[in-house]
$ cat work.csv   # CSV, C-alpha atoms
chain,number,residue,atom,x,y,z
B,1,MET,CA,15.1,-17.6,-5.7
B,2,LYS,CA,11.8,-15.8,-6.6
B,3,LYS,CA,11.8,-12.8,-8.8
B,4,ILE,CA,10.8,-9.6,-7.0
B,5,ASN,CA,9.6,-6.9,-9.3
B,6,LEU,CA,10.1,-3.1,-9.0
B,7,GLY,CA,6.8,-1.7,-8.1
B,8,ARG,CA,5.3,1.3,-9.8
B,9,VAL,CA,2.1,3.0,-8.8
B,10,ASN,CA,1.0,4.8,-11.9
B,11,LYS,CA,-1.8,7.4,-12.5
B,12,LYS,CA,-4.3,4.7,-13.6
B,13,THR,CA,-3.7,2.7,-10.4
B,14,LYS,CA,-4.1,5.8,-8.3
B,15,ILE,CA,-7.5,6.6,-9.9
B,16,GLN,CA,-8.6,3.0,-9.5
B,17,ARG,CA,-7.6,3.0,-5.9
B,18,ALA,CA,-9.4,6.2,-5.2
B,19,PHE,CA,-12.6,4.8,-6.7
B,20,TRP,CA,-12.2,1.5,-4.9
B,21,ASN,CA,-11.6,3.3,-1.5
B,22,VAL,CA,-14.9,5.3,-1.9
B,23,CYS,CA,-16.9,2.2,-3.0
B,24,CYS,CA,-15.3,0.2,-0.2
B,25,LEU,CA,-16.3,2.7,2.4
B,26,LEU,CA,-19.8,3.1,1.1
B,27,PHE,CA,-20.7,-0.3,-0.2
B,28,PHE,CA,-18.3,-2.9,1.2
B,29,ARG,CA,-17.6,-2.3,4.9
B,30,LEU,CA,-21.1,-1.1,5.9
B,31,PHE,CA,-22.9,-4.3,5.2
B,32,PRO,CA,-22.9,-7.1,7.8
B,33,THR,CA,-20.7,-10.1,7.1
B,34,GLN,CA,-23.2,-12.9,7.7
B,35,VAL,CA,-26.0,-11.5,5.6
B,36,PHE,CA,-24.4,-9.7,2.7
B,37,TRP,CA,-21.4,-11.9,1.8
B,38,TRP,CA,-22.8,-12.2,-1.7
B,39,TRP,CA,-22.8,-8.4,-2.1
B,40,ARG,CA,-19.0,-8.2,-1.3
B,41,TRP,CA,-18.5,-11.0,-3.8
B,42,ILE,CA,-20.2,-9.0,-6.5
B,43,LEU,CA,-18.4,-5.8,-5.6
B,44,LEU,CA,-14.9,-7.5,-5.6
B,45,ARG,CA,-15.6,-9.1,-8.9
B,46,LEU,CA,-16.7,-5.7,-10.4
B,47,PHE,CA,-13.3,-4.4,-9.3
B,48,GLY,CA,-11.5,-7.3,-11.1
B,49,ALA,CA,-11.0,-9.8,-8.3
B,50,LYS,CA,-11.0,-13.4,-9.4
B,51,ILE,CA,-13.0,-14.8,-6.6
B,52,SER,CA,-15.1,-18.0,-6.3
B,53,TYR,CA,-18.7,-17.7,-5.4
B,54,MET,CA,-17.9,-20.0,-2.5
B,55,ALA,CA,-15.1,-17.8,-1.1
B,56,TYR,CA,-15.8,-15.7,2.0
B,57,VAL,CA,-14.5,-12.2,2.8
B,58,TYR,CA,-15.4,-10.5,6.0
B,59,SER,CA,-16.7,-6.9,5.8
B,60,SER,CA,-13.8,-5.6,8.0
B,61,VAL,CA,-11.1,-6.9,5.6
B,62,LYS,CA,-9.0,-4.2,4.0
B,63,ILE,CA,-8.0,-4.9,0.4
B,64,TRP,CA,-5.6,-2.5,-1.4
B,65,ALA,CA,-6.3,-3.7,-5.0
B,66,PRO,CA,-9.1,-6.1,-5.7
B,67,TRP,CA,-7.8,-6.6,-9.2
B,68,ASN,CA,-4.7,-8.3,-7.7
B,69,LEU,CA,-6.7,-10.8,-5.6
B,70,LYS,CA,-7.6,-14.4,-6.5
B,71,MET,CA,-9.6,-16.6,-4.1
B,72,GLU,CA,-10.7,-20.1,-4.8
B,73,LYS,CA,-13.7,-22.0,-3.3
B,74,GLY,CA,-13.8,-22.6,0.4
B,75,SER,CA,-11.2,-19.9,1.1
B,76,CYS,CA,-11.7,-17.2,3.7
B,77,LEU,CA,-10.2,-13.8,4.6
B,78,GLY,CA,-11.1,-13.5,8.3
B,79,PRO,CA,-12.1,-10.4,10.3
B,80,ASP,CA,-9.7,-7.4,10.1
B,81,VAL,CA,-7.3,-9.1,7.7
B,82,ILE,CA,-5.2,-6.5,5.8
B,83,CYS,CA,-4.5,-7.6,2.2
B,84,TYR,CA,-1.9,-5.0,1.0
B,85,ASN,CA,-1.7,-6.5,-2.5
B,86,GLN,CA,0.3,-4.2,-4.8
B,87,ALA,CA,1.2,-7.6,-6.4
B,88,ASN,CA,-1.0,-10.7,-6.7
B,89,VAL,CA,-2.3,-12.5,-3.7
B,90,ILE,CA,-3.5,-15.9,-4.6
B,91,VAL,CA,-5.5,-17.8,-2.0
B,92,GLU,CA,-6.2,-21.4,-3.2
B,93,GLU,CA,-9.0,-23.8,-2.2
B,94,ASN,CA,-9.9,-24.3,1.4
B,95,VAL,CA,-7.5,-21.8,2.9
B,96,CYS,CA,-8.2,-19.9,6.1
B,97,VAL,CA,-6.4,-16.5,6.7
B,98,SER,CA,-7.3,-15.8,10.3
B,99,GLN,CA,-8.3,-12.5,11.9
B,100,TYR,CA,-5.8,-9.6,12.1
B,101,SER,CA,-3.4,-11.2,9.7
B,102,TYR,CA,-1.4,-9.0,7.3
B,103,LEU,CA,-0.6,-10.1,3.7
B,104,CYS,CA,2.0,-7.7,2.5
B,105,THR,CA,3.2,-7.9,-1.2
B,106,ALA,CA,5.3,-4.7,-1.2
B,107,GLY,CA,8.5,-3.5,0.5
B,108,HIS,CA,11.5,-1.3,-0.3
B,109,ASN,CA,15.0,-2.1,-1.6
B,110,VAL,CA,17.1,-1.2,1.5
B,111,ASN,CA,20.0,-0.4,-0.8
B,112,GLU,CA,18.1,2.5,-2.3
B,113,ILE,CA,17.0,4.3,0.9
B,114,ASN,CA,17.5,7.8,-0.6
B,115,ASN,CA,14.4,7.5,-2.8
B,116,ALA,CA,11.4,5.7,-1.3
B,117,LYS,CA,9.4,6.2,-4.6
B,118,THR,CA,11.9,4.3,-6.8
B,119,SER,CA,12.9,1.8,-4.2
B,120,LEU,CA,9.5,0.0,-4.1
B,121,ILE,CA,9.7,-3.7,-4.7
B,122,VAL,CA,6.7,-6.2,-5.0
B,123,GLY,CA,6.3,-9.9,-5.0
B,124,ASP,CA,3.3,-12.2,-5.2
B,125,ILE,CA,2.0,-14.1,-2.2
B,126,ILE,CA,0.6,-17.6,-2.9
B,127,ILE,CA,-1.2,-19.6,-0.2
B,128,ARG,CA,-1.7,-23.1,-1.4
B,129,ARG,CA,-4.8,-25.3,-0.8
B,130,LYS,CA,-5.7,-26.4,2.8
B,131,ALA,CA,-3.2,-24.0,4.4
B,132,TRP,CA,-4.0,-22.1,7.5
B,133,VAL,CA,-2.6,-18.7,8.4
B,134,GLY,CA,-3.0,-18.1,12.2
B,135,THR,CA,-4.3,-15.0,13.8
B,136,ARG,CA,-2.1,-11.8,13.7
B,137,SER,CA,0.4,-13.5,11.3
B,138,PHE,CA,2.5,-11.5,8.8
B,139,ILE,CA,3.2,-12.9,5.4
B,140,GLY,CA,5.9,-11.0,3.5
B,141,LEU,CA,6.3,-10.3,-0.2
B,142,GLY,CA,7.2,-13.1,-2.5
B,143,VAL,CA,6.3,-15.8,0.0
B,144,GLU,CA,4.6,-19.1,-0.9
B,145,ILE,CA,2.8,-21.0,1.9
B,146,GLY,CA,2.8,-24.7,0.9
B,147,GLU,CA,-0.2,-27.0,0.6
B,148,GLY,CA,-1.6,-27.9,4.0
B,149,ALA,CA,0.9,-25.8,5.9
B,150,VAL,CA,0.0,-24.0,9.2
B,151,VAL,CA,1.4,-20.6,10.1
B,152,GLY,CA,1.2,-20.3,13.9
B,153,ALA,CA,-0.5,-17.3,15.6
B,154,SER,CA,1.6,-14.1,15.4
B,155,ALA,CA,4.2,-15.6,13.2
B,156,SER,CA,6.2,-13.5,10.7
B,157,VAL,CA,6.9,-15.3,7.5
B,158,TYR,CA,9.6,-14.0,5.2
B,159,LYS,CA,10.6,-17.2,3.4
B,160,ASP,CA,8.5,-19.9,1.7
B,161,VAL,CA,6.8,-22.5,4.0
B,162,GLU,CA,7.1,-26.2,2.9
B,163,PRO,CA,3.9,-28.2,2.4
B,164,TRP,CA,2.4,-29.9,5.4
B,165,THR,CA,4.6,-28.2,7.9
B,166,ILE,CA,3.8,-26.1,10.9
B,167,VAL,CA,5.9,-22.9,11.5
B,168,GLY,CA,5.8,-20.2,14.1
B,169,GLY,CA,7.7,-17.3,15.7
B,170,ASN,CA,9.5,-14.2,14.4
B,171,PRO,CA,11.0,-15.0,12.0
B,172,ALA,CA,8.9,-18.1,11.4
B,173,LYS,CA,10.8,-21.3,12.0
B,174,PHE,CA,9.9,-25.0,11.4
B,175,ILE,CA,8.1,-26.5,14.4
B,176,LYS,CA,7.0,-29.9,13.1
B,177,LYS,CA,5.5,-31.8,10.2
B,178,ARG,CA,1.7,-31.7,10.1
B,179,GLU,CA,0.0,-35.0,10.8
B,180,ILE,CA,-2.9,-35.7,8.4
B,181,LYS,CA,-5.8,-37.8,9.6
B,182,ASP,CA,-7.8,-39.6,6.9
B,183,GLU,CA,-11.0,-37.7,6.0
$ encode --input "work.csv" --output "C-alpha cells"
Amino acid sequence: MKKINLGRVNKKTKIQRAFWNVCCLLFFRLFPTQVFWWWRWILLRLFGAKISYMAYVYSSVKIWAPWNLKMEKGSCLGPDVICYNQANVIVEENVCVSQYSYLCTAGHNVNEINNAKTSLIVGDIIIRRKAWVGTRSFIGLGVEIGEGAVVGASASVYKDVEPWTIVGGNPAKFIKKREIKDE
C-alpha cells in the first residue's frame, strides 16, 4: 500500500501559487500552442518544473503547482488537461495525457469530515513510459499507471494500473492485455 501524506498548504505555497496564477494568466495561456511551446517550457522551468525540452504542454493546460511537475521527453499534456498537483505528478517518457483529463493528487480523509483544512491528504501520481491516458479520464491520488498501459476514455482510476494493460470504466477495471507490435 502506498503512503498517502497529510497535505498542508502553507503561506509560502500560497504566495507561490498567487504569483504563478498571475504569470500563468498573462504569460502562459495567451500564447498559441503550436508557435510558443518553447515559451511555456521556459516559464514552467522558471517555476521549478523538471520538464524536458522535448515535452509538450498545451496552452490550455491548468497546472496547480509547476514545482511539483516532472515531464520527460516525448510526453504531452493535451488540451484542457487539469493537473491538480499538490503532490508530485511524474510523467515519464513518451506518455500522452489526452484532452480534458484530470490528474488529481489531493483528496480528503473521509474520517475527518469535520475539518476540511486538516483532513487534506495527498499522494504522488506516476505515469510510466509509453502509457496513454484517454480523453476525459480521472487519475486519483497515489495512483501509478504502469509502463505501456492504456486508460480508456472517461475512465476513473483510483488504484494502480498494471503495465501493458488496458483499463476502462468507473471505477476503472481490467479490459485486456495490450498487444505490442514490434517497432
$ closest_residue --input "work.csv" --among "B:Ser137, B:Ser60, B:Gln86, B:Gln16" --to "Pro171 (chain B)" --atoms "only C-alpha atoms"
B:Ser137
$ residues_around --input "work.csv" --residues "Gly48 (chain B)" --least-positions-apart "6" --cutoff "12 Å" --atoms "all atoms listed in the file" --output "count of residues only"
12
$ residues_around --input "work.csv" --residues "region 89-95 of chain B" --least-positions-apart "3" --cutoff "6 Å" --atoms "only C-alpha atoms" --output "list in words"
Leu69, Lys70, Met71, Glu72, Lys73, Gly74, Ser75, Asp124, Ile125, Ile126, Ile127, Arg128, Arg129, Lys130, Ala131 and Trp132 of chain B
$ atom_distance --input "work.csv" --atom1 "CA of Phe47 (chain B)" --atom2 "CA of Gln99 (chain B)"
23.2 Å
$ closest_residue --input "work.csv" --among "B:Ala149, B:Ile15, B:Val167, B:Ala55" --to "Glu179 (chain B)" --atoms "only C-alpha atoms"
B:Ala149
$ residues_around --input "work.csv" --residues "Ser101 (chain B)" --least-positions-apart "2" --cutoff "9 Å" --atoms "all atoms listed in the file" --output "ChimeraX atom specification"
/B:77-83,97-99,103,133-139,153-154
$ closest_residue --input "work.csv" --among "B:Cys76, B:Val150, B:Val22, B:Cys96" --to "Ala172 (chain B)" --atoms "all atoms listed in the file"
B:Val150
$ closest_residue --input "work.csv" --among "B:Glu162, B:Arg17, B:Lys12, B:Arg40" --to "Tyr58 (chain B)" --atoms "all atoms listed in the file"
B:Arg40
$ atom_distance --input "work.csv" --atom1 "CA of Asn111 (chain B)" --atom2 "CA of Ile63 (chain B)"
28.4 Å
$ closest_residue --input "work.csv" --among "B:Trp164, B:Val57, B:Thr13, B:Lys62" --to "Leu25 (chain B)" --atoms "all atoms listed in the file"
B:Lys62
$ residues_around --input "work.csv" --residues "Leu141 (chain B)" --least-positions-apart "4" --cutoff "6 Å" --atoms "all atoms listed in the file" --output "MDAnalysis selection string"
chainID B and resid 104:106 123
$ residues_around --input "work.csv" --residues "Lys173 (chain B)" --least-positions-apart "6" --cutoff "10 Å" --atoms "all atoms listed in the file" --output "list of chain:residue names"
B:Val151, B:Gly152, B:Ala155, B:Ser156, B:Val157, B:Lys159, B:Val161, B:Ile166, B:Val167
$ atom_distance --input "work.csv" --atom1 "CA of Ile121 (chain B)" --atom2 "CA of Asn10 (chain B)"
14.1 Å
$ residues_near_point --input "work.csv" --point "(10.2, -2.4, 2.0)" --cutoff "9 Å" --atoms "only C-alpha atoms" --output "list in words"
Ala106, Gly107, His108, Asn109, Val110, Ala116, Ser119, Leu120, Ile121 and Val122 of chain B
$ decode --input "work.csv" --residues "region 69-81 of chain B" --atoms "all heavy atoms" --output "compact mmCIF listing (two decimals), in the first residue's frame"
# COMPACT_ATOMS: atom_id res chain seq x y z
N LEU B 69 5.82 19.22 -10.80
CA LEU B 69 5.62 18.55 -12.09
C LEU B 69 6.96 18.12 -12.67
O LEU B 69 7.91 18.90 -12.73
CB LEU B 69 4.93 19.49 -13.08
CG LEU B 69 4.69 18.96 -14.49
CD1 LEU B 69 3.75 17.76 -14.49
CD2 LEU B 69 4.14 20.07 -15.39
N LYS B 70 7.01 16.85 -13.11
CA LYS B 70 8.17 16.34 -13.83
C LYS B 70 7.67 15.68 -15.11
O LYS B 70 6.80 14.81 -15.05
CB LYS B 70 8.94 15.33 -12.99
CG LYS B 70 10.15 14.76 -13.72
CD LYS B 70 10.90 13.74 -12.90
CE LYS B 70 12.06 13.20 -13.71
NZ LYS B 70 12.72 12.08 -13.03
N MET B 71 8.22 16.12 -16.25
CA MET B 71 7.85 15.54 -17.55
C MET B 71 9.11 15.19 -18.32
O MET B 71 10.00 16.01 -18.45
CB MET B 71 7.02 16.53 -18.36
CG MET B 71 5.64 16.78 -17.81
SD MET B 71 4.69 17.96 -18.81
CE MET B 71 4.39 17.00 -20.30
N GLU B 72 9.15 13.96 -18.84
CA GLU B 72 10.30 13.51 -19.62
C GLU B 72 10.04 13.68 -21.11
O GLU B 72 8.92 14.00 -21.53
CB GLU B 72 10.63 12.06 -19.26
CG GLU B 72 11.07 11.90 -17.82
CD GLU B 72 11.39 10.48 -17.43
OE1 GLU B 72 11.34 9.56 -18.29
OE2 GLU B 72 11.67 10.27 -16.23
N LYS B 73 11.07 13.44 -21.92
CA LYS B 73 10.99 13.69 -23.36
C LYS B 73 9.87 12.88 -24.02
O LYS B 73 9.60 11.75 -23.63
CB LYS B 73 12.32 13.45 -24.05
CG LYS B 73 12.72 12.01 -24.16
CD LYS B 73 14.03 11.88 -24.91
CE LYS B 73 14.37 10.42 -25.07
NZ LYS B 73 15.52 10.20 -25.88
N GLY B 74 9.25 13.52 -25.01
CA GLY B 74 8.19 12.87 -25.77
C GLY B 74 6.86 12.81 -25.05
O GLY B 74 5.90 12.26 -25.57
N SER B 75 6.76 13.37 -23.84
CA SER B 75 5.50 13.33 -23.10
C SER B 75 4.67 14.57 -23.43
O SER B 75 5.19 15.59 -23.86
CB SER B 75 5.74 13.22 -21.60
OG SER B 75 6.50 14.32 -21.14
N CYS B 76 3.35 14.45 -23.22
CA CYS B 76 2.45 15.52 -23.62
C CYS B 76 1.28 15.63 -22.64
O CYS B 76 0.68 14.62 -22.27
CB CYS B 76 1.91 15.24 -25.02
SG CYS B 76 0.66 16.41 -25.58
N LEU B 77 0.97 16.86 -22.23
CA LEU B 77 -0.27 17.17 -21.54
C LEU B 77 -1.15 17.86 -22.57
O LEU B 77 -0.86 18.98 -23.00
CB LEU B 77 -0.03 18.08 -20.32
CG LEU B 77 0.78 17.50 -19.17
CD1 LEU B 77 0.93 18.53 -18.04
CD2 LEU B 77 0.17 16.22 -18.64
N GLY B 78 -2.22 17.20 -22.98
CA GLY B 78 -3.07 17.66 -24.06
C GLY B 78 -3.97 18.83 -23.69
O GLY B 78 -3.95 19.32 -22.55
N PRO B 79 -4.78 19.28 -24.62
CA PRO B 79 -5.65 20.44 -24.41
C PRO B 79 -6.57 20.27 -23.20
O PRO B 79 -7.15 19.20 -23.00
CB PRO B 79 -6.48 20.52 -25.70
CG PRO B 79 -5.70 19.76 -26.72
CD PRO B 79 -4.95 18.71 -25.97
N ASP B 80 -6.65 21.31 -22.40
CA ASP B 80 -7.58 21.40 -21.26
C ASP B 80 -7.36 20.33 -20.19
O ASP B 80 -8.28 20.04 -19.42
CB ASP B 80 -9.03 21.38 -21.75
CG ASP B 80 -9.34 22.61 -22.59
OD1 ASP B 80 -9.24 23.72 -22.05
OD2 ASP B 80 -9.65 22.45 -23.78
N VAL B 81 -6.17 19.77 -20.11
CA VAL B 81 -5.84 18.85 -19.01
C VAL B 81 -5.75 19.67 -17.73
O VAL B 81 -5.24 20.79 -17.73
CB VAL B 81 -4.51 18.11 -19.28
CG1 VAL B 81 -3.99 17.43 -18.02
CG2 VAL B 81 -4.68 17.10 -20.40
